[in-house]
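K.L.:
Coordinates in my_file23.pdb, PDB, C-alpha atoms, are listed below.
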```
ATOM      1  CA  MET A   1      94.885  82.106 221.872  1.00  0.00           C
ATOM      2  CA  SER A   2      92.368  82.049 219.084  1.00  0.00           C
ATOM      3  CA  THR A   3      89.572  79.532 218.661  1.00  0.00           C
ATOM      4  CA  GLN A   4      91.384  78.225 215.567  1.00  0.00           C
ATOM      5  CA  PRO A   5      93.619  75.217 216.169  1.00  0.00           C
ATOM      6  CA  ALA A   6      97.305  76.036 216.468  1.00  0.00           C
ATOM      7  CA  VAL A   7      99.357  75.296 213.370  1.00  0.00           C
ATOM      8  CA  ASP A   8     102.744  73.805 212.528  1.00  0.00           C
ATOM      9  CA  PRO A   9     104.890  76.913 211.809  1.00  0.00           C
ATOM     10  CA  ARG A  10     106.539  75.191 208.860  1.00  0.00           C
ATOM     11  CA  GLY A  11     103.235  75.276 206.946  1.00  0.00           C
ATOM     12  CA  PRO A  12     102.940  79.069 206.809  1.00  0.00           C
ATOM     13  CA  ARG A  13     106.604  79.333 205.875  1.00  0.00           C
ATOM     14  CA  PHE A  14     106.021  76.885 202.997  1.00  0.00           C
ATOM     15  CA  ALA A  15     103.045  79.015 201.940  1.00  0.00           C
ATOM     16  CA  ALA A  16     105.269  82.104 202.048  1.00  0.00           C
ATOM     17  CA  ILE A  17     107.792  80.396 199.752  1.00  0.00           C
ATOM     18  CA  VAL A  18     105.094  79.497 197.213  1.00  0.00           C
ATOM     19  CA  THR A  19     103.598  82.991 197.508  1.00  0.00           C
ATOM     20  CA  THR A  20     107.027  84.545 196.926  1.00  0.00           C
ATOM     21  CA  VAL A  21     107.458  82.543 193.718  1.00  0.00           C
ATOM     22  CA  VAL A  22     103.955  83.447 192.520  1.00  0.00           C
ATOM     23  CA  LEU A  23     104.468  87.158 193.187  1.00  0.00           C
ATOM     24  CA  VAL A  24     107.881  87.178 191.484  1.00  0.00           C
ATOM     25  CA  VAL A  25     106.253  85.633 188.405  1.00  0.00           C
ATOM     26  CA  VAL A  26     103.502  88.277 188.512  1.00  0.00           C
ATOM     27  CA  LEU A  27     106.041  91.097 188.686  1.00  0.00           C
ATOM     28  CA  ALA A  28     108.178  89.569 185.930  1.00  0.00           C
ATOM     29  CA  THR A  29     105.249  89.034 183.555  1.00  0.00           C
ATOM     30  CA  ASP A  30     102.548  91.546 184.602  1.00  0.00           C
ATOM     31  CA  TRP A  31     100.144  88.598 184.314  1.00  0.00           C
ATOM     32  CA  TRP A  32      97.410  89.874 186.594  1.00  0.00           C
ATOM     33  CA  PRO A  33      95.181  86.743 186.429  1.00  0.00           C
ATOM     34  CA  LEU A  34      97.880  84.942 188.433  1.00  0.00           C
ATOM     35  CA  LEU A  35      97.745  87.761 190.986  1.00  0.00           C
ATOM     36  CA  ALA A  36      93.954  87.390 191.047  1.00  0.00           C
ATOM     37  CA  ALA A  37      94.408  83.682 191.833  1.00  0.00           C
ATOM     38  CA  GLN A  38      96.843  84.575 194.632  1.00  0.00           C
ATOM     39  CA  THR A  39      94.250  87.031 195.942  1.00  0.00           C
ATOM     40  CA  VAL A  40      91.779  84.151 196.209  1.00  0.00           C
ATOM     41  CA  VAL A  41      94.400  82.069 198.048  1.00  0.00           C
ATOM     42  CA  PHE A  42      94.894  84.911 200.539  1.00  0.00           C
ATOM     43  CA  ALA A  43      91.102  85.311 200.926  1.00  0.00           C
ATOM     44  CA  ILE A  44      90.632  81.636 201.754  1.00  0.00           C
ATOM     45  CA  GLY A  45      93.405  81.742 204.369  1.00  0.00           C
ATOM     46  CA  ALA A  46      92.109  84.956 205.913  1.00  0.00           C
ATOM     47  CA  PHE A  47      88.349  84.524 205.808  1.00  0.00           C
ATOM     48  CA  VAL A  48      87.697  80.771 205.621  1.00  0.00           C
ATOM     49  CA  GLY A  49      90.662  79.418 207.561  1.00  0.00           C
ATOM     50  CA  LEU A  50      94.212  78.230 207.219  1.00  0.00           C
ATOM     51  CA  ARG A  51      93.375  74.533 206.978  1.00  0.00           C
ATOM     52  CA  PRO A  52      91.421  74.781 203.684  1.00  0.00           C
ATOM     53  CA  ALA A  53      93.842  77.318 202.173  1.00  0.00           C
ATOM     54  CA  PRO A  54      95.391  75.807 199.011  1.00  0.00           C
ATOM     55  CA  TYR A  55      99.041  76.101 200.087  1.00  0.00           C
ATOM     56  CA  SER A  56      98.167  74.589 203.479  1.00  0.00           C
ATOM     57  CA  VAL A  57      96.599  71.628 201.702  1.00  0.00           C
ATOM     58  CA  LEU A  58      99.721  71.218 199.537  1.00  0.00           C
ATOM     59  CA  TYR A  59     101.908  71.377 202.640  1.00  0.00           C
ATOM     60  CA  ARG A  60      99.838  68.776 204.501  1.00  0.00           C
ATOM     61  CA  LEU A  61      99.671  66.379 201.552  1.00  0.00           C
ATOM     62  CA  LEU A  62     103.102  66.752 199.939  1.00  0.00           C
ATOM     63  CA  VAL A  63     105.579  68.245 202.409  1.00  0.00           C
ATOM     64  CA  ALA A  64     104.590  67.427 205.991  1.00  0.00           C
ATOM     65  CA  PRO A  65     104.630  63.622 205.493  1.00  0.00           C
ATOM     66  CA  ARG A  66     108.317  63.899 204.533  1.00  0.00           C
ATOM     67  CA  LEU A  67     109.304  65.904 207.632  1.00  0.00           C
ATOM     68  CA  GLN A  68     109.927  64.890 211.208  1.00  0.00           C
ATOM     69  CA  PRO A  69     106.950  65.713 213.440  1.00  0.00           C
ATOM     70  CA  THR A  70     107.250  68.832 215.556  1.00  0.00           C
ATOM     71  CA  GLY A  71     105.512  69.798 218.747  1.00  0.00           C
ATOM     72  CA  GLU A  72     106.003  73.474 217.949  1.00  0.00           C
ATOM     73  CA  ARG A  73     102.745  75.296 217.224  1.00  0.00           C
ATOM     74  CA  GLU A  74     101.693  78.869 216.394  1.00  0.00           C
ATOM     75  CA  ASP A  75      98.446  80.637 217.061  1.00  0.00           C
ATOM     76  CA  ALA A  76      96.366  80.865 213.882  1.00  0.00           C
ATOM     77  CA  ALA A  77      94.963  84.361 214.535  1.00  0.00           C
ATOM     78  CA  PRO A  78      98.123  86.331 213.629  1.00  0.00           C
ATOM     79  CA  LEU A  79      98.604  84.150 210.554  1.00  0.00           C
ATOM     80  CA  ARG A  80      95.047  84.756 209.392  1.00  0.00           C
ATOM     81  CA  PHE A  81      95.528  88.494 209.925  1.00  0.00           C
ATOM     82  CA  ALA A  82      98.678  88.303 207.798  1.00  0.00           C
ATOM     83  CA  GLN A  83      96.657  86.555 205.092  1.00  0.00           C
ATOM     84  CA  ALA A  84      94.110  89.382 205.253  1.00  0.00           C
ATOM     85  CA  VAL A  85      96.874  91.968 204.808  1.00  0.00           C
ATOM     86  CA  GLY A  86      98.196  89.980 201.846  1.00  0.00           C
ATOM     87  CA  PHE A  87      94.661  89.825 200.473  1.00  0.00           C
ATOM     88  CA  ALA A  88      94.331  93.621 200.670  1.00  0.00           C
ATOM     89  CA  PHE A  89      97.600  94.253 198.815  1.00  0.00           C
ATOM     90  CA  ALA A  90      96.920  91.556 196.232  1.00  0.00           C
ATOM     91  CA  LEU A  91      93.403  92.898 195.644  1.00  0.00           C
ATOM     92  CA  VAL A  92      94.716  96.431 195.101  1.00  0.00           C
ATOM     93  CA  GLY A  93      97.378  95.029 192.786  1.00  0.00           C
ATOM     94  CA  THR A  94      94.876  92.986 190.813  1.00  0.00           C
ATOM     95  CA  ILE A  95      92.572  95.971 190.388  1.00  0.00           C
ATOM     96  CA  GLY A  96      95.506  98.161 189.342  1.00  0.00           C
ATOM     97  CA  TYR A  97      96.684  95.705 186.709  1.00  0.00           C
ATOM     98  CA  ALA A  98      93.161  94.889 185.494  1.00  0.00           C
ATOM     99  CA  PHE A  99      92.256  98.541 184.976  1.00  0.00           C
ATOM    100  CA  GLY A 100      95.529  99.473 183.301  1.00  0.00           C
ATOM    101  CA  VAL A 101      97.048 101.322 186.256  1.00  0.00           C
ATOM    102  CA  THR A 102     100.141  99.146 186.095  1.00  0.00           C
ATOM    103  CA  ALA A 103     102.133 101.242 188.552  1.00  0.00           C
ATOM    104  CA  VAL A 104      99.559 100.535 191.274  1.00  0.00           C
ATOM    105  CA  GLY A 105      99.651  96.848 190.391  1.00  0.00           C
ATOM    106  CA  ILE A 106     103.425  96.747 190.564  1.00  0.00           C
ATOM    107  CA  VAL A 107     103.715  98.655 193.856  1.00  0.00           C
ATOM    108  CA  ALA A 108     101.000  96.664 195.640  1.00  0.00           C
ATOM    109  CA  THR A 109     102.422  93.369 194.371  1.00  0.00           C
ATOM    110  CA  ALA A 110     105.952  94.385 195.358  1.00  0.00           C
ATOM    111  CA  LEU A 111     104.803  95.217 198.892  1.00  0.00           C
ATOM    112  CA  ALA A 112     103.085  91.825 199.183  1.00  0.00           C
ATOM    113  CA  LEU A 113     106.242  90.202 197.812  1.00  0.00           C
ATOM    114  CA  PHE A 114     108.382  91.986 200.394  1.00  0.00           C
ATOM    115  CA  ALA A 115     106.271  90.603 203.246  1.00  0.00           C
ATOM    116  CA  ALA A 116     106.135  87.095 201.761  1.00  0.00           C
ATOM    117  CA  PHE A 117     109.896  87.081 201.182  1.00  0.00           C
ATOM    118  CA  LEU A 118     110.612  88.135 204.771  1.00  0.00           C
ATOM    119  CA  ASN A 119     108.649  85.114 205.971  1.00  0.00           C
ATOM    120  CA  ALA A 120     110.026  82.722 203.353  1.00  0.00           C
ATOM    121  CA  ALA A 121     113.685  83.681 203.797  1.00  0.00           C
ATOM    122  CA  PHE A 122     113.897  84.685 207.448  1.00  0.00           C
ATOM    123  CA  GLY A 123     110.793  83.304 209.162  1.00  0.00           C
ATOM    124  CA  PHE A 124     109.695  86.863 209.960  1.00  0.00           C
ATOM    125  CA  CYS A 125     105.939  87.248 209.482  1.00  0.00           C
ATOM    126  CA  LEU A 126     105.355  90.970 209.046  1.00  0.00           C
ATOM    127  CA  GLY A 127     101.557  90.632 209.156  1.00  0.00           C
ATOM    128  CA  CYS A 128     101.816  88.544 212.333  1.00  0.00           C
ATOM    129  CA  GLU A 129     103.943  91.235 213.955  1.00  0.00           C
ATOM    130  CA  MET A 130     101.396  93.875 212.893  1.00  0.00           C
ATOM    131  CA  TYR A 131      98.659  91.767 214.505  1.00  0.00           C
ATOM    132  CA  LEU A 132     100.593  91.477 217.778  1.00  0.00           C
ATOM    133  CA  LEU A 133     101.335  95.215 217.798  1.00  0.00           C
ATOM    134  CA  LEU A 134      97.657  96.027 217.229  1.00  0.00           C
ATOM    135  CA  GLN A 135      96.720  93.656 220.058  1.00  0.00           C
ATOM    136  CA  ARG A 136      99.095  95.471 222.419  1.00  0.00           C
ATOM    137  CA  LEU A 137      97.829  98.902 221.353  1.00  0.00           C
ATOM    138  CA  SER A 138      94.115  98.136 221.438  1.00  0.00           C
ATOM    139  CA  PRO A 139      92.169  98.683 224.664  1.00  0.00           C
ATOM    140  CA  ARG A 140      91.202  95.438 226.324  1.00  0.00           C
ATOM    141  CA  ALA A 141      87.506  94.593 226.440  1.00  0.00           C
ATOM    142  CA  GLY A 142      86.155  95.203 229.886  1.00  0.00           C
ATOM    143  CA  SER A 143      89.230  97.029 231.189  1.00  0.00           C
ATOM    144  CA  ALA A 144      88.829 100.300 233.078  1.00  0.00           C
ATOM    145  CA  SER A 145      89.902 103.528 231.368  1.00  0.00           C
TER     146      SER A 145
END
```
Could you rewrite the structure in this file as structure tokens?
P.N.:
Amino acid sequence: MSTQPAVDPRGPRFAAIVTTVVLVVVLATDWWPLLAAQTVVFAIGAFVGLRPAPYSVLYRLLVAPRLQPTGEREDAAPLRFAQAVGFAFALVGTIGYAFGVTAVGIVATALALFAAFLNAAFGFCLGCEMYLLLQRLSPRAGSAS
């Protein structure tokens, strides 16, 4: 487990739904400032923490009070890794759009959309699965070779 507090799994799924909508709008309009804003959202979730991330705040204030409490919790580390992956794709997309390399912007945004949609529609966090795979493949600290 990470040192971050465990989170209600419905929060990240809500964030994935909002992210999916944002990325669809970006792809439909090529409005890269919205992608830049999404990049900041990913950065906050990845590098500052999930609790202060804007979609987490919206979930806690507007959605969670209307739901039944749940005892189910998820480790924050895989979710933060997923946010970092989203940040990387959104950053590449933003740079592509901003510098007129629209194809790069579209491809990077579409890849981020694919991952967000998987989580929003099916509860499958691609970045979380990548994190877990990397954990299994990495040598353990202090283990003998």
K.L.:
From the options A:Leu79, A:Val40, A:Ala28, A:Val18, which residue's atoms come nearest to Tyr59 of chain A, counting only C-alpha atoms?
P.N.:
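For Tyr59 of chain A, the nearest of the candidates is A:Val18.
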K.L.:
Restricting the calculation to all atoms listed in the file, which member of A:Arg60, A:Tyr55, A:Gln38, A:Pro5 is positioned closest to Val25 of chain A?
P.N.:
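Among the listed residues, the smallest separation from Val25 of chain A belongs to A:Gln38.
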K.L.:
For Gln135 of chain A, which residue among A:Gly45, A:Ile95, A:Phe81, A:Pro65 is the nearest when counting all atoms listed in the file?
P.N.:
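Smallest separation from Gln135 of chain A among the options: A:Phe81.
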K.L.:
Between A:Gln83, A:Leu27, A:Ala108, A:Asp75, single out the one closest to Val48 of chain A, counting only C-alpha atoms.
P.N.:
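Using only C-alpha atoms, the shortest distance to Val48 of chain A belongs to A:Gln83.
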K.L.:
Smallest atom-to-atom distance to Arg51 of chain A: which of A:Leu126, A:Leu113, A:Ala15, A:Ile106, using all atoms listed in the file?
P.N.:
A:Ala15
K.L.:
Identify which of the residues A:Leu67, A:Gln4, A:Pro12, A:Val21 lies closest to Phe124 of chain A, counting all atoms listed in the file when measuring atom-to-atom distances.
P.N.:
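Nearest candidate to Phe124 of chain A out of A:Leu67, A:Gln4, A:Pro12, A:Val21: A:Pro12.
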K.L.:
Taking the file above as input, evaluate the PyMOL selection byres ((chain A and resi 32) around 9) and report the hits as a compact mmCIF listing (two decimals) with C-alpha atoms, keeping the file's coordinate frame.
P.N.:
```
# COMPACT_ATOMS: atom_id res chain seq x y z
CA VAL A 26 103.50 88.28 188.51
CA LEU A 27 106.04 91.10 188.69
CA THR A 29 105.25 89.03 183.56
CA ASP A 30 102.55 91.55 184.60
CA TRP A 31 100.14 88.60 184.31
CA PRO A 33 95.18 86.74 186.43
CA LEU A 34 97.88 84.94 188.43
CA LEU A 35 97.74 87.76 190.99
CA ALA A 36 93.95 87.39 191.05
CA ALA A 37 94.41 83.68 191.83
CA GLY A 93 97.38 95.03 192.79
CA THR A 94 94.88 92.99 190.81
CA ILE A 95 92.57 95.97 190.39
CA GLY A 96 95.51 98.16 189.34
CA TYR A 97 96.68 95.70 186.71
CA ALA A 98 93.16 94.89 185.49
CA GLY A 105 99.65 96.85 190.39
```
K.L.:
Could you list, as a list in words, every residue matched by the PyMOL selection byres ((chain A and resi 14) around 10) in this structure?
P.N.:
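What the PyMOL selection byres ((chain A and resi 14) around 10) grabs from the file is Pro9, Arg10, Gly11, Pro12, Arg13, Ala15, Ala16, Ile17, Val18, Thr19, Thr20, Tyr55, Ser56, Leu58, Tyr59, Val63, Asn119 and Ala120 of chain A.
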K.L.:
Taking the file as I've supplied it (selection: the PyMOL selection byres ((chain A and resi 127) around 7)), which residues are included? Please answer as a list in words.
P.N.:
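Here the PyMOL selection byres ((chain A and resi 127) around 7) matches Phe81, Ala82, Val85, Cys125, Leu126, Cys128, Glu129, Met130 and Tyr131 of chain A.
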K.L.:
Could you list, as a list of chain:residue names, every residue within 7 Å of Thr39 of chain A, counting only C-alpha atoms and ignoring same-chain residues fewer than 3 positions away?
P.N.:
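With the cut-off at 7 Å, the set is A:Leu35, A:Ala36, A:Phe42, A:Ala43, A:Phe87, A:Ala90, A:Leu91.
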K.L.:
Axis-aligned box over every listed atom of segment 81-99 of chain A, padded by 8 Å per side: centre and edges in Å to one decimal, as AutoDock Vina command-line options?
P.N.:
```
--center_x 95.5 --center_y 92.5 --center_z 197.5 --size_x 22.4 --size_y 28.0 --size_z 40.9
```
K.L.:
Please return, as a ChimeraX atom specification, all polymer residues that have at least one atom within 7 Å of the point (102.8, 75.0, 215.0); use only C-alpha atoms and the file's own coordinate frame.
P.N.:
/A:6-9,71-74
K.L.:
With the input short on atoms, add N, CA, C and O atoms back to segment 19-32 of chain A and write it as an mmCIF file, keeping the file's coordinate frame.
P.N.:
```
data_model
loop_
_atom_site.group_PDB
_atom_site.id
_atom_site.type_symbol
_atom_site.label_atom_id
_atom_site.label_comp_id
_atom_site.auth_asym_id
_atom_site.auth_seq_id
_atom_site.Cartn_x
_atom_site.Cartn_y
_atom_site.Cartn_z
ATOM 1 N N THR A 19 104.103 81.648 197.785
ATOM 2 C CA THR A 19 103.598 82.991 197.508
ATOM 3 C C THR A 19 104.691 83.871 196.917
ATOM 4 O O THR A 19 104.444 84.630 195.968
ATOM 5 N N THR A 20 105.904 83.773 197.443
ATOM 6 C CA THR A 20 107.027 84.545 196.926
ATOM 7 C C THR A 20 107.256 84.226 195.453
ATOM 8 O O THR A 20 107.410 85.129 194.618
ATOM 9 N N VAL A 21 107.260 82.950 195.114
ATOM 10 C CA VAL A 21 107.458 82.543 193.718
ATOM 11 C C VAL A 21 106.331 83.094 192.840
ATOM 12 O O VAL A 21 106.586 83.663 191.770
ATOM 13 N N VAL A 22 105.100 82.959 193.292
ATOM 14 C CA VAL A 22 103.955 83.447 192.520
ATOM 15 C C VAL A 22 104.082 84.954 192.283
ATOM 16 O O VAL A 22 103.902 85.436 191.157
ATOM 17 N N LEU A 23 104.404 85.702 193.323
ATOM 18 C CA LEU A 23 104.468 87.158 193.187
ATOM 19 C C LEU A 23 105.651 87.600 192.333
ATOM 20 O O LEU A 23 105.541 88.600 191.597
ATOM 21 N N VAL A 24 106.758 86.880 192.380
ATOM 22 C CA VAL A 24 107.881 87.178 191.484
ATOM 23 C C VAL A 24 107.450 86.975 190.031
ATOM 24 O O VAL A 24 107.752 87.802 189.157
ATOM 25 N N VAL A 25 106.742 85.888 189.763
ATOM 26 C CA VAL A 25 106.253 85.633 188.405
ATOM 27 C C VAL A 25 105.309 86.750 187.962
ATOM 28 O O VAL A 25 105.389 87.239 186.829
ATOM 29 N N VAL A 26 104.418 87.181 188.851
ATOM 30 C CA VAL A 26 103.502 88.277 188.512
ATOM 31 C C VAL A 26 104.287 89.531 188.154
ATOM 32 O O VAL A 26 104.013 90.173 187.128
ATOM 33 N N LEU A 27 105.263 89.883 188.960
ATOM 34 C CA LEU A 27 106.041 91.097 188.686
ATOM 35 C C LEU A 27 106.871 90.972 187.412
ATOM 36 O O LEU A 27 107.048 91.953 186.681
ATOM 37 N N ALA A 28 107.356 89.771 187.126
ATOM 38 C CA ALA A 28 108.178 89.569 185.930
ATOM 39 C C ALA A 28 107.353 89.571 184.651
ATOM 40 O O ALA A 28 107.856 89.925 183.586
ATOM 41 N N THR A 29 106.074 89.208 184.759
ATOM 42 C CA THR A 29 105.249 89.034 183.555
ATOM 43 C C THR A 29 104.089 90.021 183.439
ATOM 44 O O THR A 29 103.487 90.116 182.371
ATOM 45 N N ASP A 30 103.756 90.703 184.546
ATOM 46 C CA ASP A 30 102.548 91.546 184.602
ATOM 47 C C ASP A 30 101.275 90.749 184.309
ATOM 48 O O ASP A 30 100.271 91.301 183.876
ATOM 49 N N TRP A 31 101.315 89.448 184.575
ATOM 50 C CA TRP A 31 100.144 88.598 184.314
ATOM 51 C C TRP A 31 99.205 88.667 185.508
ATOM 52 O O TRP A 31 99.301 87.907 186.457
ATOM 53 N N TRP A 32 98.271 89.607 185.445
ATOM 54 C CA TRP A 32 97.410 89.874 186.594
ATOM 55 C C TRP A 32 96.447 88.732 186.934
ATOM 56 O O TRP A 32 96.057 88.613 188.096
#
```
